[in-house]
Amino acid sequence: MLRFNEYIEINTEKRFGKPIIKGTRISVYDVLSWLSNGMTRKDIIHDYPELTENQINACLSFAAKKEQGQLYAS
């Protein structure tokens, strides 16, 4: 599983402390929402060229770890 902490940060001064992709104001929730609404990784990268496929995958990894309750165990 991708090491999401290389790509995701929580900064209380950005997006009210929600997890975001490092160097952006794009939240993990934003990416998950786009995917759940049918956007492909290519669509997202086309609309947000500052993002990479690894960053998108990190959002999925983050969500999976959070669901398992292992978010801070890694």
# chains A, B, ... in the order shown; residues from 1 in each chain; ligands from 1
>>> residues_around(residues="region 34-38 of chain A", least_positions_apart="6", cutoff="12 Å", atoms="only C-alpha atoms", output="list in words")
Ile26, Ser27, Val28, Ile44, Ile45, Asp47, Tyr48, Ile56, Asn57, Cys59 and Leu60 of chain A
>>> residues_around(residues="Gly23 (chain A)", least_positions_apart="5", cutoff="10 Å", atoms="only C-alpha atoms", output="PyMOL selection string")
chain A and resi 7-9+50-51
>>> write_last_selection(atoms="C-alpha atoms", output="PDB file, in the first residue's frame")
ATOM      1  CA  TYR A   7       1.723  13.036  -0.076  1.00  0.00           C
ATOM      2  CA  ILE A   8      -0.881  13.963   2.574  1.00  0.00           C
ATOM      3  CA  GLU A   9      -0.605  16.495   5.373  1.00  0.00           C
ATOM      4  CA  GLU A  50      -0.686  19.920 -10.325  1.00  0.00           C
ATOM      5  CA  LEU A  51      -1.841  16.483  -9.131  1.00  0.00           C
TER       6      LEU A  51
END
>>> closest_residue(among="A:Glu6, A:Phe16, A:Thr52, A:Ser61", to="Leu32 (chain A)", atoms="only C-alpha atoms")
A:Ser61
>>> atom_distance(atom1="CA of Arg15 (chain A)", atom2="CA of Val31 (chain A)")
13.9 Å
>>> atom_distance(atom1="CA of Gln68 (chain A)", atom2="CA of Asp43 (chain A)")
28.2 Å
>>> residues_around(residues="Arg25 (chain A)", least_positions_apart="4", cutoff="9 Å", atoms="only C-alpha atoms", output="number ranges by chain")
A: 14-15, 20-21
>>> atom_distance(atom1="CA of Thr24 (chain A)", atom2="CA of Phe62 (chain A)")
16.4 Å
>>> select_by_dssp(residues="chain A", states="helix (DSSP H, G or I)", output="ChimeraX atom specification")
/A:4-6,15-17,28-36,41-47,53-68
